[in-house]
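Chemist: Contents of data05.txt (compact mmCIF, C-alpha atoms) are given next:
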# COMPACT_ATOMS: atom_id res chain seq x y z
CA MET O 1 33.89 43.09 -7.53
CA PRO O 2 33.56 41.70 -3.96
CA GLY O 3 30.21 43.48 -3.68
CA VAL O 4 29.03 41.78 -6.87
CA VAL O 5 30.10 38.40 -5.49
CA ARG O 6 28.26 39.03 -2.22
CA ALA O 7 25.12 40.03 -4.10
CA ALA O 8 25.37 36.93 -6.25
CA LEU O 9 25.78 34.75 -3.19
CA CYS O 10 22.76 36.35 -1.52
CA LEU O 11 20.71 35.80 -4.66
CA LEU O 12 21.84 32.18 -4.82
CA GLU O 13 20.91 31.66 -1.17
CA ARG O 14 17.47 33.11 -1.84
CA ILE O 15 16.97 30.81 -4.83
CA VAL O 16 17.91 27.80 -2.68
CA GLN O 17 15.35 28.83 -0.04
CA ILE O 18 12.64 29.10 -2.69
CA VAL O 19 13.53 25.71 -4.16
CA ARG O 20 13.39 24.19 -0.69
CA ARG O 21 9.88 25.45 -0.15
CA ILE O 22 8.71 24.29 -3.57
CA LEU O 23 10.18 20.80 -3.42
CA LYS O 24 9.89 20.54 0.38
CA TYR O 25 11.58 17.49 1.75
CA ARG O 26 12.09 15.49 -1.46
CA LEU O 27 15.11 17.38 -2.81
CA ILE O 28 16.50 18.04 0.65
CA SER O 29 16.17 14.39 1.68
CA LEU O 30 18.21 13.32 -1.36
CA LEU O 31 20.89 15.89 -0.56
CA MET O 32 21.05 14.82 3.08
CA THR O 33 21.37 11.18 2.07
CA ALA O 34 24.22 12.03 -0.32
CA VAL O 35 26.23 14.18 2.13
CA PRO O 36 27.93 12.36 5.04
CA LEU O 37 27.22 13.70 8.49
CA LEU O 38 29.90 13.69 11.18
CA VAL O 39 27.75 13.30 14.27
CA ALA O 40 27.61 11.49 17.59
CA PRO O 41 25.07 8.69 18.40
CA ALA O 42 23.04 11.01 20.62
CA CYS O 43 21.67 14.31 19.32
CA GLU O 44 24.45 16.53 18.00
CA HIS O 45 24.52 19.54 15.70
CA GLY O 46 25.96 19.26 12.20
CA ASP O 47 27.61 21.77 9.93
CA ASP O 48 24.80 23.66 8.24
CA GLY O 49 23.75 25.64 11.32
CA GLU O 50 20.07 25.44 10.39
CA GLY O 51 16.98 24.31 12.32
CA SER O 52 16.70 23.00 15.87
CA ALA O 53 17.30 19.59 17.45
CA PRO O 54 14.73 17.06 16.20
CA GLU O 55 12.86 14.71 18.52
CA ILE O 56 11.24 11.30 18.05
CA VAL O 57 8.81 9.79 20.56
CA VAL O 58 7.79 6.12 20.59
CA LYS O 59 4.85 5.81 22.98
CA THR O 60 4.92 2.00 23.24
CA ASN O 61 8.46 0.84 24.03
CA PRO O 62 9.19 -1.99 24.67
CA VAL O 63 6.85 -3.59 22.14
CA GLN O 64 5.03 -6.82 22.93
CA SER O 65 6.18 -10.04 21.25
CA LEU O 66 3.08 -10.12 19.02
CA GLY O 67 4.21 -6.91 17.31
CA GLY O 68 1.72 -4.57 15.66
CA SER O 69 1.46 -0.97 14.51
CA GLN O 70 1.62 2.31 16.37
CA PHE O 71 2.14 5.99 15.68
CA ILE O 72 5.48 7.57 16.58
CA SER O 73 5.85 11.33 16.73
CA VAL O 74 8.52 13.18 14.77
CA SER O 75 9.29 16.80 15.71
CA ALA O 76 11.60 18.62 13.31
CA SER O 77 12.12 22.00 11.71
CA GLY O 78 12.05 21.38 7.97
CA ALA O 79 12.96 18.19 6.13
CA TRP O 80 13.90 14.95 7.87
CA THR O 81 14.68 11.29 7.16
CA LEU O 82 14.16 8.16 9.26
CA SER O 83 16.07 4.89 9.07
CA VAL O 84 15.75 1.64 11.03
CA GLU O 85 18.61 -0.76 11.75
CA CYS O 86 17.34 -4.08 13.10
CA ASN O 87 19.30 -6.41 15.38
CA PRO O 88 19.14 -9.25 14.42
CA SER O 89 19.21 -7.90 10.88
CA GLY O 90 16.14 -7.86 8.69
CA ASN O 91 13.05 -5.77 8.11
CA TRP O 92 11.02 -6.83 11.13
CA ALA O 93 10.67 -3.15 12.16
CA THR O 94 9.81 -0.52 9.55
CA VAL O 95 8.57 3.08 9.44
CA THR O 96 6.18 4.69 6.93
CA PRO O 97 6.92 7.26 5.58
CA ASP O 98 10.68 7.42 6.08
CA THR O 99 10.98 11.03 4.85
CA GLY O 100 8.93 14.07 5.74
CA TYR O 101 8.76 17.76 6.54
CA ASP O 102 8.21 19.47 9.93
CA ASP O 103 6.21 17.81 12.73
CA THR O 104 4.19 14.72 11.84
CA ASP O 105 3.12 11.24 12.98
CA VAL O 106 4.75 8.19 11.39
CA VAL O 107 3.53 4.58 11.46
CA LEU O 108 5.92 2.08 13.06
CA ASN O 109 5.23 -1.55 12.09
CA VAL O 110 6.80 -4.38 14.08
CA ASP O 111 6.49 -8.05 13.08
CA GLN O 112 5.80 -10.81 15.59
CA ASN O 113 8.85 -12.08 17.47
CA THR O 114 8.66 -15.88 17.58
CA GLU O 115 12.03 -16.27 19.33
CA THR O 116 12.27 -16.47 23.12
CA GLY O 117 14.85 -13.69 23.35
CA SER O 118 14.15 -9.99 22.97
CA ARG O 119 15.48 -7.98 20.04
CA THR O 120 16.27 -4.34 19.38
CA ALA O 121 16.19 -1.83 16.55
CA GLN O 122 17.85 1.56 16.29
CA ILE O 123 15.62 4.28 14.83
CA THR O 124 17.64 7.23 13.52
CA LEU O 125 16.15 10.64 12.76
CA ILE O 126 18.24 13.13 10.71
CA SER O 127 17.28 16.74 10.07
CA HIS O 128 19.52 19.65 9.01
CA GLY O 129 22.72 18.14 10.35
CA TRP O 130 21.10 16.95 13.56
CA ARG O 131 20.91 13.25 14.33
CA LYS O 132 18.73 11.62 17.00
CA VAL O 133 18.92 7.88 17.73
CA ILE O 134 16.56 5.87 19.94
CA THR O 135 16.53 2.15 20.70
CA LEU O 136 13.32 0.15 20.28
CA THR O 137 13.03 -3.14 22.18
CA GLN O 138 10.66 -5.99 21.38
CA ARG O 139 10.01 -8.68 23.96
CA GLY O 140 10.55 -12.33 23.18
CA ALA O 141 7.81 -14.94 22.83
CA GLY O 142 6.47 -16.16 26.16
CA SER O 143 7.77 -13.13 28.04
CA GLY O 144 4.69 -12.59 30.19
CA ASP O 145 2.23 -11.06 27.74
CA GLY O 146 -0.63 -12.98 29.29
CA GLY O 147 -3.23 -11.81 31.76
CA ASP O 148 -4.68 -12.50 35.18
CA ASP O 149 -7.28 -15.29 35.09
CA ASN O 150 -8.91 -14.80 38.46
CA GLY O 151 -11.95 -13.02 37.05
CA ASN O 152 -12.09 -10.61 39.97
CA GLY O 153 -10.33 -7.48 38.76
CA ASP O 154 -7.64 -5.89 40.86
CA GLY O 155 -7.90 -3.40 43.69
CA GLY O 156 -4.41 -2.00 43.44
CA ASN O 157 -3.71 1.70 43.48
CA GLY O 158 -1.82 1.78 40.19
CA GLY O 159 0.64 4.58 39.78
CA ASN O 160 2.35 6.71 37.20
CA GLY O 161 5.00 4.50 35.68
CA GLY O 162 4.71 0.95 34.45
CA ASN O 163 5.45 0.74 30.76
CA SER O 164 4.76 4.37 29.82
CA GLY O 165 1.92 3.41 27.53
CA SER O 166 3.17 -0.04 26.54
CA THR O 167 0.67 -2.74 25.71
CA SER O 168 0.57 -6.46 26.14
CA GLY O 169 -2.14 -8.87 25.21
CA GLY O 170 -3.26 -10.51 22.03
CA ASN O 171 -5.96 -12.73 20.63
CA LEU O 172 -8.50 -13.49 23.33
CA LYS O 173 -9.33 -17.04 24.36
CA GLN O 174 -12.25 -17.96 26.57
CA THR O 175 -11.14 -17.50 30.18
CA GLY O 176 -12.91 -17.40 33.52
CA TRP O 177 -13.25 -13.61 33.40
CA LEU O 178 -16.81 -12.89 34.50
CA GLU O 179 -17.30 -9.84 32.27
CA LEU O 180 -16.80 -11.80 29.03
CA PRO O 181 -19.61 -12.57 26.59
CA ALA O 182 -19.40 -15.79 24.60
CA LEU O 183 -16.71 -15.57 21.92
CA THR O 184 -18.98 -16.35 19.00
CA THR O 185 -19.32 -14.68 15.61
CA PRO O 186 -22.49 -14.19 13.59
CA GLN O 187 -23.43 -17.24 11.57
CA GLY O 188 -21.59 -17.34 8.25
CA SER O 189 -19.32 -14.44 9.21
CA SER O 190 -15.54 -14.53 9.09
CA THR O 191 -15.02 -10.84 9.79
CA TYR O 192 -14.88 -10.94 13.61
CA ASP O 193 -11.98 -11.41 16.00
CA PHE O 194 -11.36 -11.10 19.75
CA PHE O 195 -8.52 -9.35 21.59
CA TYR O 196 -7.45 -8.20 25.05
CA HIS O 197 -5.09 -5.60 26.52
CA ASN O 198 -3.17 -5.86 29.78
CA MET O 199 -2.03 -3.12 32.12
CA THR O 200 0.38 -2.79 35.03
CA VAL O 201 -1.20 -2.26 38.45
CA GLY O 202 1.49 -1.79 41.05
CA SER O 203 3.85 -4.70 40.35
CA LYS O 204 1.18 -6.93 38.80
CA THR O 205 0.13 -7.47 35.20
CA VAL O 206 -3.65 -7.69 34.97
CA ARG O 207 -6.20 -7.38 32.21
CA ASN O 208 -7.30 -3.91 31.19
CA TYR O 209 -10.12 -4.74 28.80
CA SER O 210 -11.21 -7.25 26.15
CA PHE O 211 -13.02 -6.52 22.90
CA SER O 212 -14.50 -8.10 19.82
CA TRP O 213 -13.61 -6.60 16.45
CA ASP O 214 -15.78 -6.20 13.36
CA TYR O 215 -13.45 -5.84 10.37
CA ASP O 216 -16.30 -4.82 8.06
CA ASN O 217 -17.70 -1.96 10.17
CA LEU O 218 -14.37 -1.05 11.88
CA VAL O 219 -15.92 -0.88 15.35
CA ALA O 220 -15.85 -3.09 18.43
CA PRO O 221 -19.31 -4.68 18.89
CA TRP O 222 -18.47 -4.99 22.60
CA VAL O 223 -15.75 -4.01 25.07
CA ALA O 224 -15.66 -5.86 28.42
CA TYR O 225 -13.78 -4.94 31.59
CA PRO O 226 -13.87 -5.11 35.41
CA LEU O 227 -14.42 -1.98 37.48
CA ASN O 228 -13.99 -1.35 41.21
CA ARG O 229 -12.79 1.25 43.70
CA GLY O 230 -9.13 0.34 43.25
CA LEU O 231 -9.28 0.56 39.47
CA LEU O 232 -11.01 3.95 39.75
CA ASN O 233 -8.20 5.50 41.79
CA LYS O 234 -6.95 8.57 39.92
CA ALA O 235 -3.15 8.77 39.67
CA VAL O 236 -2.80 10.47 36.26
CA ASP O 237 -4.70 12.90 34.07
CA ARG O 238 -6.48 12.01 30.85
CA SER O 239 -3.71 11.32 28.31
CA ASP O 240 -5.48 12.21 25.01
CA GLU O 241 -2.93 9.97 23.28
CA TRP O 242 -5.08 9.11 20.26
CA GLY O 243 -3.25 6.29 18.51
CA LEU O 244 -3.15 2.94 16.77
CA ASP O 245 -3.93 -0.31 18.53
CA PRO O 246 -0.69 -2.37 18.37
CA LEU O 247 -2.71 -5.59 18.10
CA LEU O 248 -4.08 -4.82 14.63
CA PRO O 249 -2.48 -3.56 11.41
CA GLU O 250 -3.26 0.03 10.50
CA SER O 251 -5.30 -1.09 7.47
CA LYS O 252 -7.70 -3.02 9.74
CA GLN O 253 -8.55 -0.26 12.24
CA PRO O 254 -9.61 3.39 12.15
CA VAL O 255 -6.89 6.05 12.29
CA LEU O 256 -8.39 8.84 14.40
CA ILE O 257 -5.55 11.15 15.38
CA LYS O 258 -7.51 14.06 13.90
CA GLY O 259 -10.98 12.71 14.70
CA PHE O 260 -13.71 11.58 12.30
CA SER O 261 -13.89 13.55 9.07
CA GLU O 262 -17.55 12.93 8.16
CA GLY O 263 -20.67 14.09 9.96
CA GLY O 264 -19.02 15.95 12.85
CA TYR O 265 -19.06 12.89 15.13
CA ASP O 266 -17.17 12.65 18.41
CA ARG O 267 -14.62 9.92 19.01
CA GLY O 268 -16.75 8.06 21.54
CA HIS O 269 -14.96 5.77 24.00
CA GLN O 270 -16.47 2.39 24.84
CA ILE O 271 -14.32 1.88 27.91
CA PRO O 272 -14.19 5.47 29.18
CA SER O 273 -10.89 7.23 29.76
CA ALA O 274 -12.10 8.11 33.28
CA ASP O 275 -12.40 4.39 34.09
CA ARG O 276 -8.64 3.95 33.66
CA LEU O 277 -6.79 6.86 35.28
CA LEU O 278 -4.82 4.65 37.65
CA SER O 279 -1.74 4.70 35.36
CA TYR O 280 -0.54 6.29 32.15
CA ASN O 281 -0.25 3.06 30.17
CA ALA O 282 -3.76 1.95 31.18
CA ASN O 283 -5.23 5.27 30.08
CA VAL O 284 -3.36 5.37 26.76
CA GLN O 285 -4.96 2.05 25.80
CA THR O 286 -8.43 3.63 26.06
CA PHE O 287 -7.46 6.04 23.24
CA TYR O 288 -6.80 3.37 20.63
CA GLY O 289 -8.93 3.63 17.50
CA THR O 290 -10.38 0.18 18.26
CA ASN O 291 -12.05 1.61 21.38
CA MET O 292 -13.73 4.45 19.43
CA THR O 293 -17.02 4.72 17.58
CA PRO O 294 -18.52 7.75 15.80
CA GLN O 295 -20.94 9.25 18.34
CA ILE O 296 -23.25 12.25 18.17
CA GLY O 297 -21.46 14.89 20.22
CA LYS O 298 -23.34 17.56 22.16
CA ASN O 299 -26.65 15.75 22.69
CA PHE O 300 -25.34 12.23 23.18
CA ASN O 301 -21.64 11.58 23.91
CA GLN O 302 -21.21 14.78 25.90
CA SER O 303 -24.55 14.55 27.72
CA ILE O 304 -26.68 11.47 28.35
CA TRP O 305 -23.97 8.93 27.50
CA ALA O 306 -21.40 10.74 29.66
CA ASN O 307 -23.96 10.83 32.47
CA LEU O 308 -24.51 7.08 32.19
CA GLU O 309 -20.74 6.51 32.36
CA THR O 310 -20.58 8.58 35.56
CA ILE O 311 -23.44 6.60 37.09
CA VAL O 312 -21.73 3.30 36.22
CA ARG O 313 -18.63 4.49 38.07
CA SER O 314 -20.76 5.35 41.10
CA TRP O 315 -22.21 1.83 41.05
CA ALA O 316 -18.69 0.38 40.81
CA ASN O 317 -17.58 2.44 43.82
CA GLN O 318 -20.33 0.75 45.83
CA SER O 319 -19.43 -2.78 44.72
CA ASP O 320 -16.65 -5.27 45.28
CA THR O 321 -16.48 -5.55 41.49
CA LEU O 322 -18.76 -4.35 38.72
CA TYR O 323 -18.31 -6.38 35.53
CA VAL O 324 -19.09 -4.17 32.53
CA VAL O 325 -19.86 -4.88 28.89
CA THR O 326 -20.21 -1.75 26.74
CA GLY O 327 -21.34 -2.28 23.19
CA CYS O 328 -22.71 -0.77 20.04
CA VAL O 329 -25.18 -1.97 17.42
CA THR O 330 -24.48 -1.47 13.71
CA GLU O 331 -27.36 -3.53 12.31
CA GLY O 332 -29.63 -1.35 10.18
CA SER O 333 -27.17 1.55 10.01
CA THR O 334 -27.02 3.52 6.76
CA LYS O 335 -24.51 6.12 8.01
CA TYR O 336 -20.76 6.15 8.21
CA ALA O 337 -17.92 8.45 9.16
CA THR O 338 -14.42 8.35 7.66
CA ASP O 339 -11.10 8.07 9.46
CA ASN O 340 -7.93 10.04 8.70
CA LYS O 341 -7.04 7.61 5.89
CA GLY O 342 -10.45 7.68 4.22
CA LYS O 343 -11.67 4.33 5.58
CA LYS O 344 -15.41 4.08 6.29
CA VAL O 345 -16.48 3.52 9.91
CA THR O 346 -20.13 2.58 10.49
CA VAL O 347 -22.16 4.88 12.74
CA PRO O 348 -23.97 2.70 15.33
CA THR O 349 -27.75 2.81 15.70
CA ALA O 350 -27.69 2.09 19.46
CA TYR O 351 -25.42 1.60 22.47
CA TYR O 352 -25.79 -0.54 25.59
CA LYS O 353 -24.17 -1.41 28.90
CA ALA O 354 -24.56 -4.81 30.55
CA LEU O 355 -23.64 -4.73 34.24
CA LEU O 356 -23.03 -7.58 36.68
CA ARG O 357 -22.51 -6.38 40.25
CA TYR O 358 -20.80 -8.52 42.87
CA SER O 359 -20.75 -7.64 46.57
CA LYS O 360 -19.85 -10.39 49.02
CA ALA O 361 -21.75 -8.75 51.87
CA SER O 362 -24.77 -7.79 49.77
CA THR O 363 -28.29 -8.65 50.93
CA ILE O 364 -29.75 -8.16 47.45
CA GLY O 365 -29.63 -10.38 44.42
CA LYS O 366 -28.47 -13.99 44.51
CA SER O 367 -25.12 -15.29 45.78
CA GLY O 368 -23.93 -11.67 45.96
CA TYR O 369 -24.73 -10.94 42.29
CA VAL O 370 -27.29 -8.64 40.71
CA ALA O 371 -27.48 -7.54 37.06
CA CYS O 372 -28.79 -4.67 34.97
CA ALA O 373 -28.75 -3.75 31.27
CA MET O 374 -29.08 -0.22 29.86
CA TRP O 375 -30.03 0.63 26.26
CA LEU O 376 -29.81 3.99 24.47
CA ASP O 377 -30.77 4.55 20.86
CA HIS O 378 -28.11 6.61 19.10
CA LYS O 379 -29.90 9.91 18.60
CA ASN O 380 -30.06 13.46 19.92
CA TYR O 381 -31.49 13.61 23.45
CA SER O 382 -33.08 16.71 24.91
CA SER O 383 -32.33 15.55 28.46
CA GLN O 384 -29.31 13.87 30.00
CA VAL O 385 -31.28 12.32 32.84
CA ILE O 386 -30.86 8.54 33.23
CA SER O 387 -33.80 6.62 34.68
CA SER O 388 -34.97 3.03 35.01
CA SER O 389 -36.95 3.47 31.77
CA TYR O 390 -33.71 2.79 29.85
CA SER O 391 -33.12 -0.49 31.68
CA MET O 392 -33.96 -4.11 30.93
CA SER O 393 -32.93 -7.56 32.10
CA ILE O 394 -29.81 -9.24 30.76
CA ASP O 395 -32.07 -11.83 29.13
CA LYS O 396 -33.94 -9.10 27.22
CA LEU O 397 -30.70 -7.53 26.06
CA GLU O 398 -29.40 -10.93 24.92
CA GLU O 399 -32.55 -11.37 22.85
CA LYS O 400 -32.00 -8.00 21.17
CA LEU O 401 -28.32 -8.68 20.46
CA GLY O 402 -28.19 -12.40 19.85
CA ILE O 403 -25.21 -12.60 22.23
CA ASP O 404 -24.73 -14.76 25.33
CA LEU O 405 -23.57 -12.22 27.93
CA PHE O 406 -21.68 -13.14 31.14
CA VAL O 407 -21.05 -16.61 29.75
CA ASN O 408 -18.88 -17.59 32.76
CA LEU O 409 -21.48 -16.74 35.41
CA PRO O 410 -22.98 -20.27 35.54
CA SER O 411 -19.56 -21.66 36.46
CA ALA O 412 -19.43 -19.26 39.42
CA VAL O 413 -22.95 -19.72 40.82
CA GLY O 414 -24.57 -22.62 38.94
CA GLU O 415 -26.96 -22.70 36.00
CA THR O 416 -30.17 -22.13 38.00
CA VAL O 417 -28.89 -19.14 39.99
CA ALA O 418 -27.26 -17.59 36.90
CA ALA O 419 -30.51 -17.86 34.98
CA ALA O 420 -32.38 -16.11 37.81
CA ILE O 421 -29.83 -13.29 37.96
CA GLU O 422 -30.05 -12.65 34.22
CA ALA O 423 -33.84 -12.85 34.15
CA GLU O 424 -34.46 -10.26 36.91
CA ASP O 425 -35.96 -6.98 35.72
CA PRO O 426 -33.72 -4.23 37.16
CA LYS O 427 -36.71 -1.87 37.32
CA THR O 428 -37.83 -3.91 40.34
CA GLN O 429 -34.43 -3.75 42.06
CA GLN O 430 -34.25 -0.38 43.79
CA TRP O 431 -30.56 -0.61 44.63
CA TRP O 432 -29.65 0.64 41.16
CA TRP O 433 -31.86 3.72 41.22
CA GLN O 434 -31.18 4.70 44.82
CA ASN O 435 -27.40 4.64 44.28
CA MET O 436 -27.04 6.80 41.19
CA GLN O 437 -24.51 9.59 41.72
CA ASN O 438 -24.58 11.91 38.71
Write out the structure in this file as structure tokens.
Modeler:
Amino acid sequence: MPGVVRAALCLLERIVQIVRRILKYRLISLLMTAVPLLVAPACEHGDDGEGSAPEIVVKTNPVQSLGGSQFISVSASGAWTLSVECNPSGNWATVTPDTGYDDTDVVLNVDQNTETGSRTAQITLISHGWRKVITLTQRGAGSGDGGDDNGNGDGGNGGNGGNSGSTSGGNLKQTGWLELPALTTPQGSSTYDFFYHNMTVGSKTVRNYSFSWDYDNLVAPWVAYPLNRGLLNKAVDRSDEWGLDPLLPESKQPVLIKGFSEGGYDRGHQIPSADRLLSYNANVQTFYGTNMTPQIGKNFNQSIWANLETIVRSWANQSDTLYVVTGCVTEGSTKYATDNKGKKVTVPTAYYKALLRYSKASTIGKSGYVACAMWLDHKNYSSQVISSSYSMSIDKLEEKLGIDLFVNLPSAVGETVAAAIEAEDPKTQQWWWQNMQN
């Protein structure tokens, strides 16, 4: 008889395993919710003896006061559940989905904190008798989410530390930053917005980059940022932390953890990852979906465009500050790629870089400034060589785009000098072409 019982128990165990695989986490999640777990607040093993210790990683913690959305990573063997306990109580922090199976990415949504004090939420992950608890902190309103207004960039050395990928910033207002275009939207359009991200450089909080956002095409028409030798110091490796921009809800930006799913396009950075290797948090911000556009891979993003990015860094290394506007053009496009949620992202027809170089000791240009614009149609190129044939004056680029670039330059040098700087044809200024380091 004992042998019969053992056989029956083995058969029952096998049936349970099959049911688990068929129903995956749904049945198991209900069972785990119904059965109390006697565990410690850290990560402690339960009674069922199955699976391994789960892990949960929140890349942006603490969260800025403005709130937003980000991906958090769940690592578990089999079924799991997530719960959030907010302090003060409420639903200002939520996760979607709150149940799952094996390793996956979950969306964490955090509402804006309008109070001056910070607040916390406990996120609890349970899987097979294991329990892992982490504390999420959100800063209070007015807690230093602003940026540096000096318009000159920062020459600090950065470092590996800071906020471990945390982001501050918000809706962009017109400042004295010299890289900024005018914050105007196309006539009759209500689908544009403007944002900025900060980063930590040493002990200082400075701007990382600013961008406009086209809610219809789900791309940034332009991304603007300062570049200089200090900002190009390499302290960390490329993070490859593809994620959500905390400044926008998930529904209003592309989700590109797995890349574009139409047309075989690359996830093309507008501010390059290599321009922000001075700290981990600065680099992570370059991998937000808002900084990506669908780019042709082998014969564009990985060749001529990458070469232009390298040349721009060489120009920045030979400047006090190089103010950069990188942008894309969607007008006339009939192509789109899709993100990981099925949202359509317009494939640009062209890309450009507008460059304003400042060097206090320079003998070229006017008042230490000289400018250059570069234009590349979005197509397959047989050569990656960059030459002056791709260049034009800032005035010419403004005519093509209908955008007022470097809108704060007249305040720095006067209207007459600014007009002369923007009108100069860079083909006639040999400094650019003699200082290209591919």
Chemist: Work out how far CA of Ser73 (chain O) is from CA of Gly243 (chain O), in Å to one decimal.
Modeler: 10.6 Å
Chemist: For Ser210 (chain O), which of O:Gln174, O:Gln384, O:Gln302, O:Ser367 is the closest residue, counting all atoms listed in the file?
Modeler: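 Of O:Gln174, O:Gln384, O:Gln302, O:Ser367, the one nearest Ser210 (chain O) is O:Gln174, counting all atoms listed in the file.
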Chemist: Residues near region 312-326 of chain O, anyone? I mean within 6 Å using all atoms listed in the file, not counting same-chain ones fewer than 5 positions away, as a PyMOL selection string.
Modeler: chain O and resi 179+222-229+270+352-359+437
Chemist: Store the residues picked out above, limited to C-alpha atoms, as a CSV table (one decimal), in the coordinates of the input.
Modeler:
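Now in part.csv:
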chain,number,residue,atom,x,y,z
O,179,GLU,CA,-17.3,-9.8,32.3
O,222,TRP,CA,-18.5,-5.0,22.6
O,223,VAL,CA,-15.8,-4.0,25.1
O,224,ALA,CA,-15.7,-5.9,28.4
O,225,TYR,CA,-13.8,-4.9,31.6
O,226,PRO,CA,-13.9,-5.1,35.4
O,227,LEU,CA,-14.4,-2.0,37.5
O,228,ASN,CA,-14.0,-1.4,41.2
O,229,ARG,CA,-12.8,1.2,43.7
O,270,GLN,CA,-16.5,2.4,24.8
O,352,TYR,CA,-25.8,-0.5,25.6
O,353,LYS,CA,-24.2,-1.4,28.9
O,354,ALA,CA,-24.6,-4.8,30.6
O,355,LEU,CA,-23.6,-4.7,34.2
O,356,LEU,CA,-23.0,-7.6,36.7
O,357,ARG,CA,-22.5,-6.4,40.2
O,358,TYR,CA,-20.8,-8.5,42.9
O,359,SER,CA,-20.8,-7.6,46.6
O,437,GLN,CA,-24.5,9.6,41.7
Chemist: What's the separation between CA of Asp266 (chain O) and CA of Phe211 (chain O), in Å to one decimal place?
Modeler: 20.1 Å
Chemist: Tell me which of O:Thr60, O:Ser411, O:Thr349, O:Gln295 sits closest to Ala282 (chain O), counting all atoms listed in the file.
Modeler: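 Between O:Thr60, O:Ser411, O:Thr349, O:Gln295, the residue approaching Ala282 (chain O) most closely is O:Thr60.
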Chemist: CA of Val329 (chain O) and CA of His378 (chain O) are how many Å apart?
Modeler: 9.2 Å
